[in-house]
>>> print(open('query_37.txt').read())   # compact mmCIF, C-alpha atoms and all ligand atoms
# COMPACT_ATOMS: atom_id res chain seq x y z
CA MET A 1 74.01 92.47 74.88
CA ARG A 2 71.60 90.44 77.05
CA LEU A 3 69.94 92.55 79.74
CA LYS A 4 71.72 91.58 82.97
CA THR A 5 71.25 93.12 86.39
CA ILE A 6 74.09 93.42 88.87
CA GLU A 7 72.42 90.74 90.97
CA GLN A 8 72.44 88.32 88.04
CA HIS A 9 76.07 89.21 87.27
CA ILE A 10 77.10 88.62 90.88
CA LEU A 11 75.34 85.24 90.89
CA ASP A 12 77.02 84.27 87.59
CA GLN A 13 80.39 85.08 89.15
CA GLN A 14 79.44 83.21 92.34
CA ARG A 15 78.65 80.08 90.29
CA ARG A 16 82.35 79.98 89.32
CA PHE A 17 83.14 79.15 92.96
CA PRO A 18 81.03 76.09 93.89
CA GLY A 19 80.32 75.67 97.56
CA VAL A 20 80.66 79.32 98.53
CA SER A 21 78.17 80.57 101.08
CA GLY A 22 76.76 83.45 99.05
CA ASP A 23 77.76 85.93 101.77
CA PHE A 24 79.99 87.84 99.36
CA SER A 25 77.15 88.15 96.87
CA GLY A 26 74.86 89.31 99.64
CA LEU A 27 77.36 91.96 100.66
CA LEU A 28 77.55 93.30 97.09
CA TYR A 29 73.73 93.46 97.02
CA ASP A 30 73.84 95.52 100.23
CA ILE A 31 76.34 97.94 98.69
CA ALA A 32 74.21 98.27 95.54
CA LEU A 33 71.11 98.97 97.67
CA ALA A 34 72.88 101.68 99.66
CA ALA A 35 74.18 103.17 96.41
CA LYS A 36 70.62 103.43 95.03
CA LEU A 37 69.49 105.24 98.18
CA VAL A 38 72.46 107.63 98.11
CA SER A 39 71.85 108.26 94.41
CA LYS A 40 68.25 109.23 95.12
CA GLU A 41 69.34 111.81 97.70
CA VAL A 42 72.31 113.12 95.70
CA ASN A 43 70.05 113.75 92.73
CA ARG A 44 67.63 115.84 94.81
CA ALA A 45 70.07 117.29 97.38
CA GLY A 46 69.21 120.85 96.41
CA LEU A 47 65.54 120.27 97.18
CA GLY A 48 65.92 118.88 100.65
CA ASP A 49 68.18 120.03 103.44
CA LEU A 50 71.21 118.00 102.31
CA LEU A 51 73.41 120.61 100.70
CA GLY A 52 76.02 122.52 102.61
CA THR A 53 78.01 121.66 105.70
CA MET A 54 77.35 120.19 109.12
CA GLY A 55 79.51 122.80 110.81
CA GLU A 56 81.84 119.96 111.89
CA VAL A 57 85.38 118.86 110.94
CA ASN A 58 86.14 115.15 110.43
CA VAL A 59 89.20 113.12 111.32
CA GLN A 60 90.75 114.25 108.04
CA GLY A 61 90.49 117.86 109.17
CA GLU A 62 87.94 118.39 106.39
CA ILE A 63 84.62 120.18 106.74
CA VAL A 64 81.84 117.58 106.93
CA GLN A 65 79.19 118.06 104.27
CA LYS A 66 75.61 117.11 105.18
CA MET A 67 75.66 114.48 102.45
CA ASP A 68 78.91 113.01 103.89
CA LYS A 69 77.11 112.36 107.17
CA TYR A 70 74.02 110.99 105.43
CA ALA A 71 75.97 108.60 103.20
CA ASN A 72 78.26 107.49 106.02
CA GLU A 73 75.39 106.65 108.35
CA LEU A 74 73.33 105.00 105.60
CA PHE A 75 76.11 102.64 104.47
CA ILE A 76 76.91 101.71 108.08
CA ARG A 77 73.24 101.03 108.80
CA ILE A 78 72.69 98.86 105.71
CA LEU A 79 75.97 96.96 106.07
CA THR A 80 75.27 96.30 109.75
CA ALA A 81 71.78 95.01 108.99
CA GLY A 82 73.14 92.85 106.16
CA GLY A 83 75.23 90.82 108.62
CA LYS A 84 78.09 90.12 106.19
CA VAL A 85 80.77 92.41 107.64
CA CYS A 86 82.69 92.28 110.90
CA ALA A 87 84.33 95.71 110.64
CA ILE A 88 83.61 98.95 108.79
CA ALA A 89 86.26 101.64 108.33
CA THR A 90 85.19 104.88 106.67
CA GLU A 91 86.98 108.09 105.82
CA GLU A 92 84.51 109.93 108.06
CA ASN A 93 85.12 107.95 111.26
CA GLU A 94 88.36 108.00 113.23
CA ASN A 95 87.98 104.37 114.33
CA ILE A 96 86.42 101.26 112.86
CA THR A 97 82.82 100.31 113.53
CA GLU A 98 83.04 96.78 114.86
CA ILE A 99 79.96 94.74 114.02
CA HIS A 100 79.15 91.87 116.33
CA GLU A 101 75.72 90.39 116.84
CA ASP A 102 75.26 87.13 118.71
CA GLY A 103 74.99 84.23 116.39
CA PHE A 104 76.82 85.39 113.30
CA ILE A 105 80.32 86.30 112.27
CA GLY A 106 80.71 88.69 109.36
CA LYS A 107 83.38 87.29 107.05
CA TYR A 108 84.41 90.60 105.46
CA ALA A 109 85.82 93.96 106.44
CA ILE A 110 84.96 97.02 104.36
CA ASN A 111 86.99 100.19 103.90
CA MET A 112 85.10 103.02 102.25
CA ASP A 113 84.78 106.64 101.39
CA PRO A 114 81.00 106.98 101.55
CA LEU A 115 80.87 110.18 99.52
CA ASP A 116 84.11 111.24 97.89
CA GLY A 117 84.35 114.75 96.52
CA SER A 118 81.19 115.79 98.35
CA SER A 119 82.23 119.45 98.51
CA ASN A 120 81.57 119.48 94.75
CA MET A 121 77.89 118.74 95.29
CA ASP A 122 76.94 122.34 95.99
CA VAL A 123 78.02 123.20 92.44
CA ASN A 124 76.40 120.11 90.92
CA VAL A 125 79.63 118.34 90.03
CA SER A 126 79.55 114.53 90.09
CA VAL A 127 80.67 112.77 93.28
CA GLY A 128 81.21 109.15 94.22
CA THR A 129 81.39 106.31 96.74
CA ILE A 130 84.55 104.19 96.89
CA PHE A 131 84.65 100.75 98.58
CA SER A 132 87.18 98.02 99.26
CA LEU A 133 86.46 94.56 100.72
CA HIS A 134 88.86 92.32 102.62
CA ARG A 135 88.32 88.84 104.01
CA LYS A 136 88.33 88.74 107.83
CA ARG A 137 91.69 87.48 109.00
CA SER A 138 91.70 88.23 112.74
CA ALA A 139 91.09 85.39 115.18
CA GLY A 140 87.82 85.17 117.10
CA PRO A 141 84.30 86.34 116.23
CA ARG A 142 84.85 90.06 116.45
CA GLY A 143 86.19 92.26 113.69
CA SER A 144 89.20 94.45 114.33
CA GLU A 145 91.43 97.06 112.71
CA GLU A 146 93.65 94.17 111.64
CA ASP A 147 90.92 93.09 109.23
CA CYS A 148 90.92 96.56 107.60
CA LEU A 149 94.69 97.09 107.60
CA GLN A 150 95.51 94.67 104.79
CA ALA A 151 97.61 95.28 101.67
CA GLY A 152 95.65 96.30 98.59
CA SER A 153 96.81 93.12 96.87
CA LYS A 154 94.65 91.18 99.36
CA GLN A 155 91.41 92.91 98.39
CA ALA A 156 88.51 90.56 97.65
CA CYS A 157 86.70 93.35 95.83
CA ALA A 158 87.06 97.04 94.99
CA GLY A 159 84.60 99.36 93.38
CA TYR A 160 83.08 102.78 93.11
CA VAL A 161 79.75 104.40 92.44
CA ILE A 162 79.72 107.59 90.38
CA TYR A 163 76.72 109.84 90.91
CA GLY A 164 76.92 111.78 87.67
CA SER A 165 74.77 112.36 84.59
CA SER A 166 73.83 108.75 85.32
CA THR A 167 74.64 106.65 88.37
CA MET A 168 77.07 103.83 87.66
CA LEU A 169 78.53 101.12 89.87
CA VAL A 170 81.91 99.79 88.70
CA TYR A 171 83.59 96.89 90.52
CA THR A 172 86.14 94.13 90.29
CA THR A 173 86.64 90.92 92.25
CA GLY A 174 89.79 90.08 90.33
CA LEU A 175 87.84 88.77 87.37
CA GLY A 176 87.95 91.94 85.27
CA VAL A 177 86.19 95.27 85.73
CA HIS A 178 82.47 95.56 85.10
CA GLY A 179 80.22 98.64 84.98
CA PHE A 180 76.51 98.85 85.70
CA THR A 181 74.21 101.80 84.99
CA LEU A 182 71.29 102.49 87.32
CA ASP A 183 67.92 102.61 85.59
CA PRO A 184 66.03 104.81 88.06
CA ALA A 185 62.71 103.85 86.46
CA VAL A 186 63.05 100.30 87.77
CA GLY A 187 65.72 100.77 90.45
CA GLU A 188 68.08 98.23 88.89
CA PHE A 189 71.79 98.43 88.06
CA ILE A 190 72.04 97.05 84.51
CA LEU A 191 75.30 95.75 83.00
CA SER A 192 76.35 98.45 80.53
CA HIS A 193 80.17 98.21 80.50
CA PRO A 194 81.34 94.57 80.65
CA ASN A 195 85.09 93.85 80.89
CA MET A 196 86.26 97.48 81.04
CA MET A 197 89.84 97.97 79.85
CA MET A 198 91.81 101.19 80.22
CA PRO A 199 93.03 102.43 76.78
CA SER A 200 96.81 102.00 76.61
CA GLN A 201 97.13 105.29 74.75
CA CYS A 202 97.10 108.20 77.20
CA ARG A 203 95.20 111.19 75.89
CA MET A 204 94.77 113.33 78.98
CA TYR A 205 96.21 114.10 82.37
CA SER A 206 94.46 114.99 85.60
CA VAL A 207 96.31 116.87 88.32
CA ASN A 208 95.75 119.97 90.42
CA GLU A 209 98.48 122.18 88.95
CA GLY A 210 97.77 124.75 91.63
CA ASN A 211 100.00 122.58 93.81
CA ALA A 212 102.93 122.57 91.34
CA ALA A 213 105.13 124.78 93.53
CA PHE A 214 104.94 122.12 96.25
CA TRP A 215 105.84 119.08 94.10
CA ASP A 216 109.25 117.47 93.82
CA ALA A 217 111.38 118.29 90.79
CA GLY A 218 110.62 115.01 89.04
CA THR A 219 106.87 115.52 89.21
CA ARG A 220 107.18 119.06 87.93
CA ALA A 221 109.37 117.86 85.06
CA TYR A 222 106.92 115.09 84.20
CA VAL A 223 103.88 117.39 84.07
CA GLU A 224 105.83 119.95 82.02
CA SER A 225 106.74 117.16 79.58
CA LEU A 226 103.03 116.61 78.99
CA LYS A 227 102.68 120.23 77.94
CA ALA A 228 105.68 120.34 75.61
CA VAL A 229 104.94 121.40 72.03
CA ASP A 230 106.35 118.05 70.91
CA PRO A 231 105.82 115.78 73.92
CA PRO A 232 108.16 112.77 74.09
CA THR A 233 105.23 110.57 73.20
CA GLY A 234 104.35 112.72 70.19
CA ARG A 235 100.81 113.04 71.45
CA PRO A 236 99.13 116.26 72.55
CA TYR A 237 97.59 115.71 75.98
CA ALA A 238 94.40 117.37 77.17
CA ALA A 239 94.26 118.66 80.74
CA ARG A 240 91.14 117.43 82.51
CA TYR A 241 90.69 117.87 86.28
CA ILE A 242 87.34 117.73 88.06
CA GLY A 243 88.61 117.56 91.62
CA SER A 244 86.46 114.50 92.34
CA LEU A 245 88.61 111.37 92.28
CA VAL A 246 85.84 109.01 91.15
CA SER A 247 84.92 111.32 88.25
CA ASP A 248 88.51 111.89 87.13
CA PHE A 249 89.33 108.19 87.45
CA HIS A 250 86.18 107.04 85.64
CA ARG A 251 86.79 109.35 82.68
CA ASN A 252 90.44 108.26 82.44
CA LEU A 253 89.40 104.59 82.66
CA LEU A 254 87.09 105.02 79.70
CA LYS A 255 89.09 107.46 77.56
CA GLY A 256 92.73 106.84 78.49
CA GLY A 257 94.32 109.23 80.94
CA ILE A 258 96.69 109.51 83.87
CA PHE A 259 95.63 110.87 87.27
CA LEU A 260 98.14 112.29 89.72
CA TYR A 261 97.82 113.40 93.30
CA PRO A 262 101.55 113.58 94.10
CA ALA A 263 103.17 114.13 97.45
CA ASP A 264 103.35 117.84 98.10
CA CYS A 265 104.87 119.89 100.90
CA LYS A 266 101.93 122.32 100.94
CA ASP A 267 100.53 120.92 104.20
CA PRO A 268 103.15 119.63 106.67
CA HIS A 269 100.47 117.38 108.13
CA LYS A 270 99.96 115.73 104.72
CA PRO A 271 103.48 115.25 103.29
CA SER A 272 102.34 112.24 101.29
CA GLY A 273 99.60 114.12 99.52
CA LYS A 274 95.91 114.24 100.24
CA LEU A 275 94.49 110.86 99.22
CA ARG A 276 93.94 108.02 101.68
CA LEU A 277 95.43 104.60 101.02
CA LEU A 278 92.58 102.47 102.35
CA PHE A 279 89.62 104.51 101.14
CA GLU A 280 90.86 105.86 97.79
CA ALA A 281 94.24 104.74 96.49
CA ALA A 282 94.11 100.97 97.12
CA PRO A 283 90.61 100.34 95.66
CA MET A 284 91.34 102.52 92.63
CA ALA A 285 94.68 100.76 92.15
CA PHE A 286 93.00 97.32 92.15
CA ILE A 287 90.47 98.47 89.57
CA ALA A 288 93.18 100.10 87.43
CA GLU A 289 95.38 96.96 87.40
CA GLN A 290 92.39 94.75 86.62
CA ALA A 291 91.65 97.08 83.67
CA GLY A 292 95.22 96.74 82.37
CA GLY A 293 96.62 99.90 83.96
CA ALA A 294 99.03 100.60 86.82
CA ALA A 295 99.09 102.56 90.08
CA THR A 296 102.14 103.78 91.97
CA THR A 297 103.09 106.19 94.74
CA GLY A 298 106.10 107.04 92.58
CA SER A 299 108.37 104.77 94.58
CA GLU A 300 106.23 101.67 95.05
CA ARG A 301 103.22 99.79 93.67
CA VAL A 302 100.16 100.96 95.61
CA LEU A 303 98.83 97.41 96.04
CA ASP A 304 102.05 96.30 97.76
CA ILE A 305 101.75 98.78 100.63
CA VAL A 306 100.86 97.20 103.98
CA PRO A 307 98.89 99.90 105.81
CA ALA A 308 100.06 100.97 109.25
CA LYS A 309 97.16 103.30 110.07
CA LEU A 310 93.53 103.56 108.97
CA HIS A 311 93.84 107.12 107.65
CA GLN A 312 97.29 106.78 106.12
CA ARG A 313 97.82 109.00 103.05
CA VAL A 314 99.86 108.14 99.98
CA PRO A 315 100.67 109.79 96.66
CA LEU A 316 98.63 108.29 93.83
CA ILE A 317 99.67 108.17 90.18
CA VAL A 318 97.31 105.89 88.25
CA GLY A 319 96.77 105.33 84.54
CA PRO A 320 98.06 103.44 81.50
CA LYS A 321 101.11 101.29 82.29
CA ASP A 322 103.51 103.06 79.90
CA GLU A 323 102.52 106.50 81.15
CA VAL A 324 102.89 105.49 84.81
CA SER A 325 106.32 104.00 83.98
CA ARG A 326 107.34 107.25 82.30
CA TYR A 327 106.39 109.16 85.47
CA GLN A 328 108.43 106.77 87.62
CA ALA A 329 111.46 107.07 85.31
CA MET A 330 111.36 110.87 85.38
CA THR A 331 110.93 111.15 89.13
CA ARG A 332 113.56 108.47 89.82
CA ALA A 333 116.02 110.26 87.54
CA ARG A 334 115.56 113.50 89.47
CA GLY A 335 115.52 111.97 92.93
P1 LIG B 401 92.21 119.04 95.52
C1 LIG B 401 87.93 115.21 97.11
O1 LIG B 401 88.01 116.05 98.26
C2 LIG B 401 89.25 114.47 97.02
O2 LIG B 401 89.46 113.70 98.17
C3 LIG B 401 89.29 113.61 95.77
O3 LIG B 401 88.03 113.19 95.38
C4 LIG B 401 89.92 114.52 94.74
O4 LIG B 401 90.67 113.83 93.77
C5 LIG B 401 90.84 115.41 95.59
O5 LIG B 401 90.31 115.42 96.92
C6 LIG B 401 90.88 116.83 95.07
O6 LIG B 401 91.78 117.53 95.90
O7 LIG B 401 93.30 119.37 96.51
O8 LIG B 401 92.72 119.01 94.10
O9 LIG B 401 90.96 119.86 95.68
>>> encode(input="query_37.txt", output="structure tokens", more="lines below")
Ligand code: P6P
Amino acid sequence: MRLKTIEQHILDQQRRFPGVSGDFSGLLYDIALAAKLVSKEVNRAGLGDLLGTMGEVNVQGEIVQKMDKYANELFIRILTAGGKVCAIATEENENITEIHEDGFIGKYAINMDPLDGSSNMDVNVSVGTIFSLHRKRSAGPRGSEEDCLQAGSKQACAGYVIYGSSTMLVYTTGLGVHGFTLDPAVGEFILSHPNMMMPSQCRMYSVNEGNAAFWDAGTRAYVESLKAVDPPTGRPYAARYIGSLVSDFHRNLLKGGIFLYPADCKDPHKPSGKLRLLFEAAPMAFIAEQAGGAATTGSERVLDIVPAKLHQRVPLIVGPKDEVSRYQAMTRARG
């Protein structure tokens, strides 16, 4: 395979749309730059003062890790300086950051989880960044919540960075899913996984079974069916759950697996489960569908949901099409 950097790949894709301004490509460069800087800090967090918590609670009611704050502020700083976005919504901030400098109008809005699964960092488990880009659709020069609150099917781009044994950036613009591995020696993301497709055969399942008592009957029945001695699909499934969405999703994308964070009644404030539509479910759903998979809440396609609030939560079941359909059939049958 010819050595190709992410910048070269982005330019190749840009050439398929003559006359574009190049702003979109510039925005992807900015995201890749921020990812390199976050990767550097994640990989040495134990040496500096970036492990542990800030002693604060964010809008999600979650304890803010030091690296959450670092990544959140770094992405906002780089995206603001890049001048391609009009609005930034992150999981860490209650409201959007509206970007408006005299003389330019950012054409894109970005929704992101700057460091997903960050509580795993203290125990050296891989974490990630998740991002979702929408074209500005509000009138006038300023960005607004309206630009962020768009259905997942309208995404111009979705991607994630996984800070693991290596750092990878995986993204789609609707032209397939492509993975790039960071070569820290030269500071370049190199194309390592072109045209990623999710295996149709499901070999594993990822769910926090500690929540089983709080699931609906259909979800419980589905997960039990995966553990049957002779599962309906005749395939033994392996249970794999890291507790870091990007890591669980990435492994399932490569190896063939279904991920579930169902609705659960454990926390009355989070009846739809824990994951956020804008910052986690919608971008992962776009990537999954582009890789030949599917993503549902159980009752509807994730990409069809028109968000009402920035921090809206939804159940997320994402994986091979047949497996996701089997989940829907079992939960529908049990109401
Ligand atoms: P639980 C990390 O906090 C996260 O948002 C996702 O990355 C992950 O899939 C999920 O929460 C894990 O949640 O309740 O199983 O610990």
>>> residues_near_ligand(input="query_37.txt", ligand="ligand LIG 401 (chain B)", cutoff="6 Å", atoms="all atoms listed in the file", output="list in words")
Asp116, Gly117, Asn208, Gly243, Ser244, Leu245 and Leu275 of chain A
>>> residues_around(input="query_37.txt", residues="A:Gly218", least_positions_apart="3", cutoff="8 Å", atoms="only C-alpha atoms", output="ChimeraX atom specification")
/A:221-222,330-335
>>> closest_residue(input="query_37.txt", among="A:Arg313, A:Arg326, A:Arg16, A:Lys266", to="A:Glu91", atoms="all atoms listed in the file")
A:Arg313
>>> atom_distance(input="query_37.txt", atom1="atom CA of A:Ala109", atom2="atom CA of A:Leu277")
15.3 Å
>>> atom_distance(input="query_37.txt", atom1="atom CA of A:Asp12", atom2="atom CA of A:Val246")
26.5 Å
>>> residues_around(input="query_37.txt", residues="A:Lys66", least_positions_apart="6", cutoff="12 Å", atoms="only C-alpha atoms", output="list of chain:residue names")
A:Glu41, A:Val42, A:Ala45, A:Gly46, A:Gly48, A:Asp49, A:Leu50, A:Leu51, A:Gly52, A:Thr53, A:Met54, A:Gly55, A:Glu56, A:Val57, A:Asn58, A:Asn72, A:Glu73, A:Glu92, A:Leu115, A:Ser118, A:Ser119, A:Met121, A:Asp122
>>> closest_atom_pairs(input="query_37.txt", of="stretch 126-202 of chain A", to="stretch 285-303 of chain A", cutoff="12 Å", atoms="all atoms listed in the file", output="tab-separated table")
residue	atom	partner	partner_atom	distance
A:Ile130	CA	A:Ile287	CA	11.0
A:Phe131	CA	A:Ile287	CA	11.0
A:Ser132	CA	A:Phe286	CA	9.2
A:Leu133	CA	A:Phe286	CA	11.1
A:Gln150	CA	A:Leu303	CA	9.8
A:Ala151	CA	A:Leu303	CA	6.1
A:Gly152	CA	A:Leu303	CA	4.2
A:Ser153	CA	A:Leu303	CA	4.8
A:Lys154	CA	A:Leu303	CA	8.2
A:Gln155	CA	A:Phe286	CA	7.8
A:Ala156	CA	A:Phe286	CA	9.8
A:Cys157	CA	A:Phe286	CA	8.3
A:Ala158	CA	A:Ile287	CA	6.6
A:Gly159	CA	A:Ile287	CA	7.1
A:Tyr160	CA	A:Ile287	CA	9.3
A:Val170	CA	A:Ile287	CA	8.7
A:Tyr171	CA	A:Ile287	CA	7.1
A:Thr172	CA	A:Ile287	CA	6.2
A:Thr173	CA	A:Ile287	CA	8.9
A:Gly174	CA	A:Gln290	CA	6.5
A:Leu175	CA	A:Gln290	CA	7.6
A:Gly176	CA	A:Gln290	CA	5.4
A:Val177	CA	A:Ala291	CA	6.1
A:His178	CA	A:Ala291	CA	9.4
A:Gly179	CA	A:Ile287	CA	11.2
A:His193	CA	A:Ala291	CA	12.0
A:Pro194	CA	A:Ala291	CA	11.0
A:Asn195	CA	A:Ala291	CA	7.8
A:Met196	CA	A:Ala291	CA	6.0
A:Met197	CA	A:Ala291	CA	4.3
A:Met198	CA	A:Ala291	CA	5.4
A:Pro199	CA	A:Gly292	CA	8.3
A:Ser200	CA	A:Gly293	CA	7.6
A:Gln201	CA	A:Gly293	CA	10.7
A:Cys202	CA	A:Gly293	CA	10.7
>>> write_last_selection(input="query_37.txt", atoms="C-alpha atoms", output="mmCIF file, keeping the file's coordinate frame")
data_model
loop_
_atom_site.group_PDB
_atom_site.id
_atom_site.type_symbol
_atom_site.label_atom_id
_atom_site.label_comp_id
_atom_site.auth_asym_id
_atom_site.auth_seq_id
_atom_site.Cartn_x
_atom_site.Cartn_y
_atom_site.Cartn_z
ATOM 1 C CA ILE A 130 84.550 104.190 96.890
ATOM 2 C CA PHE A 131 84.650 100.750 98.580
ATOM 3 C CA SER A 132 87.180 98.020 99.260
ATOM 4 C CA LEU A 133 86.460 94.560 100.720
ATOM 5 C CA GLN A 150 95.510 94.670 104.790
ATOM 6 C CA ALA A 151 97.610 95.280 101.670
ATOM 7 C CA GLY A 152 95.650 96.300 98.590
ATOM 8 C CA SER A 153 96.810 93.120 96.870
ATOM 9 C CA LYS A 154 94.650 91.180 99.360
ATOM 10 C CA GLN A 155 91.410 92.910 98.390
ATOM 11 C CA ALA A 156 88.510 90.560 97.650
ATOM 12 C CA CYS A 157 86.700 93.350 95.830
ATOM 13 C CA ALA A 158 87.060 97.040 94.990
ATOM 14 C CA GLY A 159 84.600 99.360 93.380
ATOM 15 C CA TYR A 160 83.080 102.780 93.110
ATOM 16 C CA VAL A 170 81.910 99.790 88.700
ATOM 17 C CA TYR A 171 83.590 96.890 90.520
ATOM 18 C CA THR A 172 86.140 94.130 90.290
ATOM 19 C CA THR A 173 86.640 90.920 92.250
ATOM 20 C CA GLY A 174 89.790 90.080 90.330
ATOM 21 C CA LEU A 175 87.840 88.770 87.370
ATOM 22 C CA GLY A 176 87.950 91.940 85.270
ATOM 23 C CA VAL A 177 86.190 95.270 85.730
ATOM 24 C CA HIS A 178 82.470 95.560 85.100
ATOM 25 C CA GLY A 179 80.220 98.640 84.980
ATOM 26 C CA HIS A 193 80.170 98.210 80.500
ATOM 27 C CA PRO A 194 81.340 94.570 80.650
ATOM 28 C CA ASN A 195 85.090 93.850 80.890
ATOM 29 C CA MET A 196 86.260 97.480 81.040
ATOM 30 C CA MET A 197 89.840 97.970 79.850
ATOM 31 C CA MET A 198 91.810 101.190 80.220
ATOM 32 C CA PRO A 199 93.030 102.430 76.780
ATOM 33 C CA SER A 200 96.810 102.000 76.610
ATOM 34 C CA GLN A 201 97.130 105.290 74.750
ATOM 35 C CA CYS A 202 97.100 108.200 77.200
#
>>> atom_distance(input="query_37.txt", atom1="atom CA of A:Thr233", atom2="atom CA of A:Val314")
27.4 Å
>>> closest_residue(input="query_37.txt", among="A:Ala35, A:Ala281, A:Ile63, A:Ala329", to="A:Thr181", atoms="all atoms listed in the file")
A:Ala35
>>> residues_around(input="query_37.txt", residues="A:Arg235", least_positions_apart="4", cutoff="9 Å", atoms="only C-alpha atoms", output="ChimeraX atom specification")
/A:202-203,226,230-231
>>> closest_residue(input="query_37.txt", among="A:Phe214, A:Tyr108, A:Tyr205, A:Phe249", to="A:Val161", atoms="all atoms listed in the file")
A:Phe249
>>> closest_residue(input="query_37.txt", among="A:Phe180, A:Gln328, A:Cys265, A:Leu310", to="A:Lys4", atoms="all atoms listed in the file")
A:Phe180
>>> closest_residue(input="query_37.txt", among="A:Tyr261, A:Phe75, A:Tyr241, A:Tyr29", to="A:Ile10", atoms="all atoms listed in the file")
A:Tyr29
>>> closest_residue(input="query_37.txt", among="A:Asp183, A:Trp215, A:Ile78, A:Gly143", to="A:Ser166", atoms="only C-alpha atoms")
A:Asp183
>>> axis_aligned_box(input="query_37.txt", around="stretch 306-320 of chain A", padding_each_side="3 Å", output="JSON")
{"center_x": 97.2, "center_y": 103.5, "center_z": 95.8, "size_x": 13.3, "size_y": 18.6, "size_z": 34.6}
>>> residues_around(input="query_37.txt", residues="A:Ala239", least_positions_apart="2", cutoff="12 Å", atoms="all atoms listed in the file", output="list in words")
Cys202, Arg203, Met204, Tyr205, Ser206, Val207, Asn208, Glu209, Val223, Glu224, Leu226, Lys227, Pro236, Tyr237, Tyr241, Ile242, Asp248, Asn252, Gly257, Ile258, Phe259 and Leu260 of chain A
>>> residues_around(input="query_37.txt", residues="A:Glu145", least_positions_apart="2", cutoff="8 Å", atoms="all atoms listed in the file", output="list in words")
Ala87, Ile96, Gly143, Asp147, Cys148, Leu149 and Leu310 of chain A
>>> write_last_selection(input="query_37.txt", atoms="C-alpha atoms", output="PDB file, in the coordinates of the input")
ATOM      1  CA  ALA A  87      84.330  95.710 110.640  1.00  0.00           C
ATOM      2  CA  ILE A  96      86.420 101.260 112.860  1.00  0.00           C
ATOM      3  CA  GLY A 143      86.190  92.260 113.690  1.00  0.00           C
ATOM      4  CA  ASP A 147      90.920  93.090 109.230  1.00  0.00           C
ATOM      5  CA  CYS A 148      90.920  96.560 107.600  1.00  0.00           C
ATOM      6  CA  LEU A 149      94.690  97.090 107.600  1.00  0.00           C
ATOM      7  CA  LEU A 310      93.530 103.560 108.970  1.00  0.00           C
TER       8      LEU A 310
END
